[in-house]
$ cat start_38.txt   # compact mmCIF, C-alpha atoms and all ligand atoms
# COMPACT_ATOMS: atom_id res chain seq x y z
CA MET F 1 0.00 0.00 0.00
CA THR F 2 1.22 3.54 -0.82
CA ALA F 3 2.26 5.47 2.30
CA ARG F 4 -0.78 7.35 3.52
CA ALA F 5 -0.91 11.12 3.05
CA LEU F 6 -4.07 12.69 4.45
CA PHE F 7 -6.03 15.79 3.42
CA VAL F 8 -8.48 16.80 6.15
CA ALA F 9 -11.48 19.01 5.42
CA GLY F 10 -13.05 20.49 8.54
CA SER F 11 -9.74 20.50 10.42
CA THR F 12 -10.87 23.48 12.52
CA GLY F 13 -14.03 21.84 13.91
CA THR F 14 -14.38 19.84 17.11
CA VAL F 15 -13.63 16.48 15.48
CA GLY F 16 -11.14 18.06 13.07
CA ARG F 17 -9.03 19.64 15.80
CA ALA F 18 -8.96 16.42 17.83
CA PHE F 19 -8.11 14.46 14.68
CA MET F 20 -5.25 16.79 13.72
CA ARG F 21 -3.79 16.58 17.26
CA LEU F 22 -3.89 12.77 17.22
CA ALA F 23 -2.49 12.47 13.68
CA ASP F 24 0.37 14.83 14.58
CA ALA F 25 1.08 12.91 17.79
CA ARG F 26 1.24 9.65 15.81
CA GLY F 27 3.51 11.15 13.13
CA VAL F 28 0.95 10.76 10.34
CA ASP F 29 1.47 12.84 7.18
CA VAL F 30 -1.52 15.17 7.32
CA VAL F 31 -2.59 18.48 5.78
CA GLY F 32 -5.56 20.30 7.28
CA HIS F 33 -7.76 22.56 5.18
CA ARG F 34 -8.94 25.90 6.63
CA ARG F 35 -11.29 28.30 4.94
CA PRO F 36 -10.63 32.03 5.15
CA ARG F 37 -12.45 33.65 8.05
CA PRO F 38 -12.08 37.31 9.04
CA ASP F 39 -12.24 36.35 12.73
CA ARG F 40 -9.32 33.90 12.37
CA PRO F 41 -5.82 35.37 12.18
CA GLY F 42 -2.82 34.04 10.25
CA GLY F 43 -4.65 32.57 7.29
CA ALA F 44 -2.13 33.03 4.47
CA ASP F 45 -2.66 29.44 3.30
CA ASP F 46 -6.44 29.45 3.80
CA PHE F 47 -8.71 29.13 0.76
CA ASP F 48 -12.31 28.48 -0.11
CA LEU F 49 -13.10 24.94 -1.22
CA ALA F 50 -14.87 26.41 -4.26
CA ASP F 51 -11.41 27.50 -5.49
CA GLU F 52 -10.93 24.40 -7.59
CA ALA F 53 -7.39 25.15 -8.78
CA ARG F 54 -6.08 25.59 -5.22
CA LEU F 55 -8.00 22.59 -3.97
CA VAL F 56 -6.66 20.30 -6.70
CA ALA F 57 -3.13 21.63 -6.12
CA SER F 58 -3.24 20.99 -2.38
CA MET F 59 -4.81 17.56 -2.87
CA THR F 60 -2.28 16.42 -5.45
CA GLY F 61 0.04 13.88 -3.82
CA ARG F 62 -2.50 13.11 -1.07
CA THR F 63 -3.88 9.55 -0.87
CA THR F 64 -6.78 10.11 1.51
CA VAL F 65 -9.46 12.75 1.83
CA VAL F 66 -11.09 12.92 5.26
CA GLN F 67 -14.30 14.96 5.03
CA LEU F 68 -15.30 16.15 8.52
CA ILE F 69 -17.26 19.26 7.47
CA GLY F 70 -20.83 19.83 8.52
CA THR F 71 -23.03 22.52 9.92
CA MET F 72 -25.99 22.95 12.24
CA ARG F 73 -29.12 25.00 12.03
CA ARG F 74 -27.83 27.47 14.64
CA ARG F 75 -24.95 28.37 12.30
CA PHE F 76 -27.28 29.30 9.44
CA GLY F 77 -27.21 32.91 10.67
CA ALA F 78 -23.47 33.04 9.89
CA GLY F 79 -24.13 32.02 6.28
CA ASP F 80 -23.57 28.24 6.37
CA THR F 81 -26.36 25.92 5.25
CA TYR F 82 -26.66 22.17 4.81
CA GLU F 83 -26.55 22.77 1.03
CA THR F 84 -23.27 24.73 1.18
CA SER F 85 -21.48 23.03 4.10
CA ASP F 86 -22.54 19.38 4.01
CA ILE F 87 -23.35 18.87 0.33
CA GLY F 88 -21.47 21.63 -1.51
CA THR F 89 -18.10 21.02 0.16
CA THR F 90 -18.40 17.27 -0.45
CA ARG F 91 -19.11 17.98 -4.12
CA HIS F 92 -15.97 20.16 -4.35
CA LEU F 93 -13.83 17.59 -2.53
CA VAL F 94 -14.98 14.69 -4.71
CA ALA F 95 -14.40 16.63 -7.95
CA ALA F 96 -10.93 17.73 -6.83
CA ALA F 97 -10.00 14.22 -5.66
CA GLN F 98 -10.95 12.88 -9.08
CA ARG F 99 -8.84 15.55 -10.78
CA ALA F 100 -5.84 15.22 -8.44
CA GLY F 101 -5.45 11.59 -9.47
CA THR F 102 -3.53 10.46 -6.36
CA VAL F 103 -6.48 9.99 -4.00
CA ASP F 104 -7.42 6.34 -3.51
CA HIS F 105 -9.58 6.71 -0.39
CA LEU F 106 -12.46 9.05 0.41
CA MET F 107 -13.70 9.15 3.99
CA LEU F 108 -16.89 10.90 5.06
CA LEU F 109 -18.15 11.70 8.54
CA SER F 110 -21.92 11.34 8.19
CA SER F 111 -24.50 10.57 10.88
CA VAL F 112 -26.64 7.74 12.15
CA GLY F 113 -29.99 7.94 10.37
CA ALA F 114 -28.56 9.08 7.03
CA GLY F 115 -29.59 5.74 5.54
CA LYS F 116 -33.29 6.52 5.98
CA PRO F 117 -33.16 10.29 6.20
CA VAL F 118 -35.87 12.21 8.02
CA GLY F 119 -35.47 16.01 8.02
CA ALA F 120 -33.17 18.41 6.20
CA TYR F 121 -30.00 17.56 8.19
CA LEU F 122 -30.13 13.83 7.47
CA ARG F 123 -31.21 14.40 3.86
CA ALA F 124 -28.06 16.52 3.41
CA LYS F 125 -25.92 13.78 4.93
CA HIS F 126 -27.63 11.25 2.64
CA GLU F 127 -26.81 13.39 -0.40
CA ALA F 128 -23.17 13.81 0.71
CA GLU F 129 -22.94 10.03 1.07
CA ARG F 130 -24.37 9.59 -2.44
CA LEU F 131 -21.66 11.89 -3.85
CA VAL F 132 -18.94 9.88 -2.13
CA THR F 133 -20.25 6.41 -3.00
CA GLY F 134 -20.80 7.49 -6.62
CA SER F 135 -17.32 9.00 -6.98
CA GLY F 136 -15.58 5.96 -8.39
CA ILE F 137 -12.95 6.30 -5.63
CA PRO F 138 -12.85 3.69 -2.83
CA TRP F 139 -14.61 5.07 0.24
CA THR F 140 -15.50 4.58 3.90
CA ILE F 141 -18.43 6.28 5.64
CA PHE F 142 -18.81 6.87 9.38
CA ARG F 143 -22.33 7.17 10.80
CA PRO F 144 -21.93 7.85 14.51
CA SER F 145 -24.63 8.89 16.95
CA SER F 146 -24.34 11.87 19.37
CA PHE F 147 -20.87 13.05 20.29
CA ASP F 148 -19.67 13.09 23.87
CA GLY F 149 -16.78 15.28 25.03
CA ASP F 150 -14.94 18.34 23.70
CA GLY F 151 -17.96 20.53 24.40
CA HIS F 152 -20.55 18.02 23.19
CA ARG F 153 -22.92 16.28 25.57
CA PRO F 154 -25.45 13.63 24.45
CA PRO F 155 -29.06 13.87 25.67
CA TRP F 156 -29.40 12.84 29.32
CA GLY F 157 -29.81 9.07 29.81
CA MET F 158 -29.01 8.24 26.19
CA ALA F 159 -25.85 6.27 26.98
CA SER F 160 -27.52 3.99 29.54
CA LEU F 161 -30.78 3.55 27.63
CA THR F 162 -29.05 2.61 24.38
CA ARG F 163 -26.89 0.09 26.26
CA LEU F 164 -29.91 -1.34 28.12
CA PHE F 165 -31.91 -1.87 24.92
CA GLY F 166 -28.94 -2.92 22.76
CA LEU F 167 -29.33 0.06 20.44
CA SER F 168 -25.67 0.19 19.46
CA ALA F 169 -26.24 2.50 16.47
CA LEU F 170 -27.67 5.18 18.76
CA ARG F 171 -25.06 4.86 21.51
CA PRO F 172 -23.18 8.16 22.05
CA ILE F 173 -19.54 8.14 21.05
CA LEU F 174 -16.62 9.91 22.70
CA VAL F 175 -14.94 12.39 20.36
CA THR F 176 -11.62 10.76 21.30
CA GLU F 177 -12.96 7.30 20.31
CA LEU F 178 -14.30 8.62 17.04
CA THR F 179 -11.12 10.42 16.03
CA ALA F 180 -8.98 7.37 16.85
CA ALA F 181 -11.33 5.21 14.74
CA ILE F 182 -11.18 7.61 11.79
CA LEU F 183 -7.39 7.72 12.00
CA HIS F 184 -7.22 3.92 12.19
CA VAL F 185 -9.29 3.57 9.00
CA ALA F 186 -7.31 6.33 7.26
CA THR F 187 -3.92 4.78 8.01
CA THR F 188 -4.90 1.17 7.30
CA ARG F 189 -7.15 2.02 4.30
CA ALA F 190 -9.68 -0.46 5.61
CA PRO F 191 -12.49 -1.25 5.58
CA LEU F 192 -13.33 0.02 2.10
CA GLY F 193 -16.85 0.27 0.68
CA GLU F 194 -18.42 0.04 4.14
CA ILE F 195 -20.81 2.21 6.08
CA LEU F 196 -19.74 2.14 9.71
CA GLU F 197 -22.88 2.38 11.81
CA GLY F 198 -23.71 0.40 14.95
CA ALA F 199 -21.74 -2.85 15.45
CA PRO F 200 -19.30 -2.29 12.52
CA LEU F 201 -18.45 1.17 13.91
CA TRP F 202 -17.85 -0.20 17.42
CA ARG F 203 -15.60 -2.92 15.96
CA VAL F 204 -13.42 -0.23 14.37
CA VAL F 205 -13.42 1.74 17.64
CA ALA F 206 -12.12 -1.39 19.42
CA ALA F 207 -9.46 -2.01 16.74
CA ALA F 208 -8.33 1.61 17.02
CA ARG F 209 -8.11 1.23 20.80
CA SER F 210 -5.77 -1.76 20.47
CA ASP F 211 -3.75 0.25 17.93
CA GLY F 212 -3.39 3.07 20.45
CA ASP F 213 -2.53 0.65 23.28
CA ALA F 214 0.14 -1.02 21.12
CA GLN F 215 1.68 2.35 20.20
CA ALA F 216 1.60 3.50 23.83
CA GLY F 217 3.35 0.23 24.75
CA GLU F 218 6.07 0.84 22.14
CA HIS F 219 6.72 4.32 23.53
CA ALA F 220 6.82 2.99 27.09
CA GLY F 221 9.11 0.06 26.18
N1 LIG F 301 -22.62 16.69 17.05
C1 LIG F 301 -23.00 15.44 16.94
O1 LIG F 301 -23.48 14.81 17.91
C2 LIG F 301 -22.83 14.73 15.60
C3 LIG F 301 -23.26 13.41 15.48
C4 LIG F 301 -23.05 12.75 14.26
C5 LIG F 301 -22.41 13.40 13.23
N2 LIG F 301 -22.03 14.71 13.37
C6 LIG F 301 -21.34 15.36 12.24
O2 LIG F 301 -19.93 15.38 12.50
C7 LIG F 301 -19.32 16.41 11.73
C8 LIG F 301 -18.27 17.16 12.54
O3 LIG F 301 -18.85 17.69 13.70
P1 LIG F 301 -18.07 18.81 14.55
O4 LIG F 301 -18.74 18.86 15.89
O5 LIG F 301 -16.59 18.60 14.47
O6 LIG F 301 -18.47 20.11 13.72
P2 LIG F 301 -17.99 21.59 13.99
O7 LIG F 301 -17.20 21.72 15.24
O8 LIG F 301 -19.22 22.44 13.82
O9 LIG F 301 -17.00 21.88 12.76
C9 LIG F 301 -17.47 22.06 11.48
C10 LIG F 301 -16.28 22.17 10.56
O10 LIG F 301 -16.78 22.34 9.22
C11 LIG F 301 -16.14 23.50 8.66
N3 LIG F 301 -17.02 24.08 7.64
C12 LIG F 301 -18.36 24.30 7.71
N4 LIG F 301 -18.81 24.82 6.55
C13 LIG F 301 -17.72 24.92 5.73
C14 LIG F 301 -17.52 25.38 4.41
N5 LIG F 301 -18.54 25.86 3.68
N6 LIG F 301 -16.27 25.35 3.88
C15 LIG F 301 -15.23 24.88 4.60
N7 LIG F 301 -15.35 24.42 5.87
C16 LIG F 301 -16.59 24.44 6.43
C17 LIG F 301 -15.90 24.42 9.84
O11 LIG F 301 -14.94 25.38 9.49
P3 LIG F 301 -14.82 26.80 10.29
O12 LIG F 301 -13.97 26.53 11.50
O13 LIG F 301 -14.17 27.66 9.29
O14 LIG F 301 -16.22 27.23 10.65
C18 LIG F 301 -15.38 23.39 10.85
O15 LIG F 301 -14.04 23.05 10.57
C19 LIG F 301 -20.46 17.27 11.20
O16 LIG F 301 -20.65 16.94 9.85
C20 LIG F 301 -21.67 16.82 12.00
O17 LIG F 301 -22.84 16.94 11.24
C21 LIG F 301 -22.22 15.38 14.53

$ encode --input "start_38.txt" --output "structure tokens"
Amino acid sequence: MTARALFVAGSTGTVGRAFMRLADARGVDVVGHRRPRPDRPGGADDFDLADEARLVASMTGRTTVVQLIGTMRRRFGAGDTYETSDIGTTRHLVAAAQRAGTVDHLMLLSSVGAGKPVGAYLRAKHEAERLVTGSGIPWTIFRPSSFDGDGHRPPWGMASLTRLFGLSALRPILVTELTAAILHVATTRAPLGEILEGAPLWRVVAAARSDGDAQAGEHAG
């Protein structure tokens, strides 16, 4: 397998920041995309994902695109919508990955429920998934439930109720568990062509945990 070189979209978000920290700590070759924002200083390398020439240039040589972008209704006031953030950015990333020619793995952070979408948020995730699975590039999709940690808190009682009733697809996930699982899939390029929701997602979380334990052991030894 070609050495993995990651391009991360959404590197400034909650999951993105945690992912970049972990990838850096593990010595993974990673480039994080940032869009220009007037409230964020030091953005000489920042560009809009609609700038196709810059996107293709920065993706050329990368093997893996990790799409972590998304928005929420409360951000609509700042100009983001599901159409622009969840669908539009995925469209730009897929087109650029096809043009760059070096990308052999597309990864998308979607959401539980995107398979049978109810409401605008899940319909947007469903459409983003369709763009990725129809890209002709090998892919992996993550469909986690509510995040826990790094400022996110799942609805009260959700963790215990989902455990009690065996609803593994709805079980909240720690942001640290999720980022380790995404990094595991990105660096091993497996599984491909799979939607990770419920049991398959928790299997990858467990594999990533053993990965982390093994690496911690190497550093200790
Ligand atoms: N919260 C949950 O419980 C949950 C559960 C399942 C799935 N998810 C999904 O997980 C994903 C990541 O969540 P998160 O909490 O890390 O999100 P977040 O903190 O809101 O971060 C969103 C990221 O997307 C970027 N972004 C948004 N619109 C963009 C655009 N038009 N162009 C370029 N970048 C754009 C933001 O960039 P800026 O920093 O420039 O704004 C930021 O990096 C989202 O897709 C979300 O829907 C969330």

$ closest_atom_pairs --input "start_38.txt" --of "region 91-147 of chain F" --to "region 62-69 of chain F" --cutoff "9 Å" --atoms "all atoms listed in the file" --output "JSON lines"
{"residue": "F:Leu93", "atom": "CA", "partner": "F:Val65", "partner_atom": "CA", "distance": 7.8}
{"residue": "F:Val94", "atom": "CA", "partner": "F:Val65", "partner_atom": "CA", "distance": 8.8}
{"residue": "F:Ala97", "atom": "CA", "partner": "F:Val65", "partner_atom": "CA", "distance": 7.7}
{"residue": "F:Ala100", "atom": "CA", "partner": "F:Arg62", "partner_atom": "CA", "distance": 8.4}
{"residue": "F:Gly101", "atom": "CA", "partner": "F:Thr63", "partner_atom": "CA", "distance": 9.0}
{"residue": "F:Thr102", "atom": "CA", "partner": "F:Thr63", "partner_atom": "CA", "distance": 5.6}
{"residue": "F:Val103", "atom": "CA", "partner": "F:Thr63", "partner_atom": "CA", "distance": 4.1}
{"residue": "F:Asp104", "atom": "CA", "partner": "F:Thr63", "partner_atom": "CA", "distance": 5.5}
{"residue": "F:His105", "atom": "CA", "partner": "F:Thr64", "partner_atom": "CA", "distance": 4.8}
{"residue": "F:Leu106", "atom": "CA", "partner": "F:Val65", "partner_atom": "CA", "distance": 5.0}
{"residue": "F:Met107", "atom": "CA", "partner": "F:Val66", "partner_atom": "CA", "distance": 4.8}
{"residue": "F:Leu108", "atom": "CA", "partner": "F:Gln67", "partner_atom": "CA", "distance": 4.8}
{"residue": "F:Leu109", "atom": "CA", "partner": "F:Leu68", "partner_atom": "CA", "distance": 5.3}
{"residue": "F:Ser110", "atom": "CA", "partner": "F:Leu68", "partner_atom": "CA", "distance": 8.2}

$ axis_aligned_box --input "start_38.txt" --around "ligand LIG 301 (chain F)" --padding-each-side "5 Å" --output "JSON"
{"center_x": -18.7, "center_y": 20.2, "center_z": 10.8, "size_x": 19.5, "size_y": 24.9, "size_z": 24.2}

$ residues_around --input "start_38.txt" --residues "Leu55 (chain F)" --least-positions-apart "3" --cutoff "12 Å" --atoms "all atoms listed in the file" --output "PyMOL selection string"
chain F and resi 7-9+31-35+45-52+58-62+65+89+92-100

$ atom_distance --input "start_38.txt" --atom1 "atom O12 of ligand LIG 301 (chain F)" --atom2 "CA of Pro154 (chain F)"
21.6 Å

$ residues_near_ligand --input "start_38.txt" --ligand "ligand LIG 301 (chain F)" --cutoff "8 Å" --atoms "only C-alpha atoms and all ligand atoms" --output "compact mmCIF listing (two decimals) with C-alpha atoms, in the frame of the given file"
# COMPACT_ATOMS: atom_id res chain seq x y z
CA ALA F 9 -11.48 19.01 5.42
CA GLY F 10 -13.05 20.49 8.54
CA SER F 11 -9.74 20.50 10.42
CA THR F 12 -10.87 23.48 12.52
CA GLY F 13 -14.03 21.84 13.91
CA THR F 14 -14.38 19.84 17.11
CA VAL F 15 -13.63 16.48 15.48
CA GLY F 16 -11.14 18.06 13.07
CA ARG F 17 -9.03 19.64 15.80
CA HIS F 33 -7.76 22.56 5.18
CA ARG F 34 -8.94 25.90 6.63
CA ARG F 35 -11.29 28.30 4.94
CA PRO F 36 -10.63 32.03 5.15
CA ARG F 37 -12.45 33.65 8.05
CA ASP F 48 -12.31 28.48 -0.11
CA LEU F 49 -13.10 24.94 -1.22
CA LEU F 68 -15.30 16.15 8.52
CA ILE F 69 -17.26 19.26 7.47
CA GLY F 70 -20.83 19.83 8.52
CA THR F 71 -23.03 22.52 9.92
CA MET F 72 -25.99 22.95 12.24
CA ASP F 80 -23.57 28.24 6.37
CA THR F 81 -26.36 25.92 5.25
CA THR F 84 -23.27 24.73 1.18
CA SER F 85 -21.48 23.03 4.10
CA ASP F 86 -22.54 19.38 4.01
CA GLY F 88 -21.47 21.63 -1.51
CA THR F 89 -18.10 21.02 0.16
CA LEU F 109 -18.15 11.70 8.54
CA SER F 110 -21.92 11.34 8.19
CA SER F 111 -24.50 10.57 10.88
CA VAL F 112 -26.64 7.74 12.15
CA TYR F 121 -30.00 17.56 8.19
CA LYS F 125 -25.92 13.78 4.93
CA ARG F 143 -22.33 7.17 10.80
CA PRO F 144 -21.93 7.85 14.51
CA SER F 145 -24.63 8.89 16.95
CA SER F 146 -24.34 11.87 19.37
CA PHE F 147 -20.87 13.05 20.29
CA ASP F 148 -19.67 13.09 23.87
CA HIS F 152 -20.55 18.02 23.19
CA ARG F 153 -22.92 16.28 25.57
CA PRO F 154 -25.45 13.63 24.45
CA PRO F 172 -23.18 8.16 22.05

$ atom_distance --input "start_38.txt" --atom1 "CA of Ala124 (chain F)" --atom2 "CA of Ile87 (chain F)"
6.1 Å

$ closest_residue --input "start_38.txt" --among "F:Gly113, F:Pro41, F:Gly212, F:Gly151" --to "Leu196 (chain F)" --atoms "only C-alpha atoms"
F:Gly113

$ atom_distance --input "start_38.txt" --atom1 "CA of Pro191 (chain F)" --atom2 "CA of Thr140 (chain F)"
6.8 Å

$ residues_near_point --input "start_38.txt" --point "(-8.4, 8.8, 8.8)" --cutoff "8 Å" --atoms "all atoms listed in the file" --output "MDAnalysis selection string"
chainID F and resid 6 64 66 107 179 181:187

$ residues_near_point --input "start_38.txt" --point "(-24.7, 10.9, -1.1)" --cutoff "10 Å" --atoms "all atoms listed in the file" --output "list in words"
Ile87, Thr90, Arg91, Leu108, Ser110, Ala114, Gly115, Arg123, Ala124, Lys125, His126, Glu127, Ala128, Glu129, Arg130, Leu131, Val132, Thr133, Gly134 and Ser135 of chain F
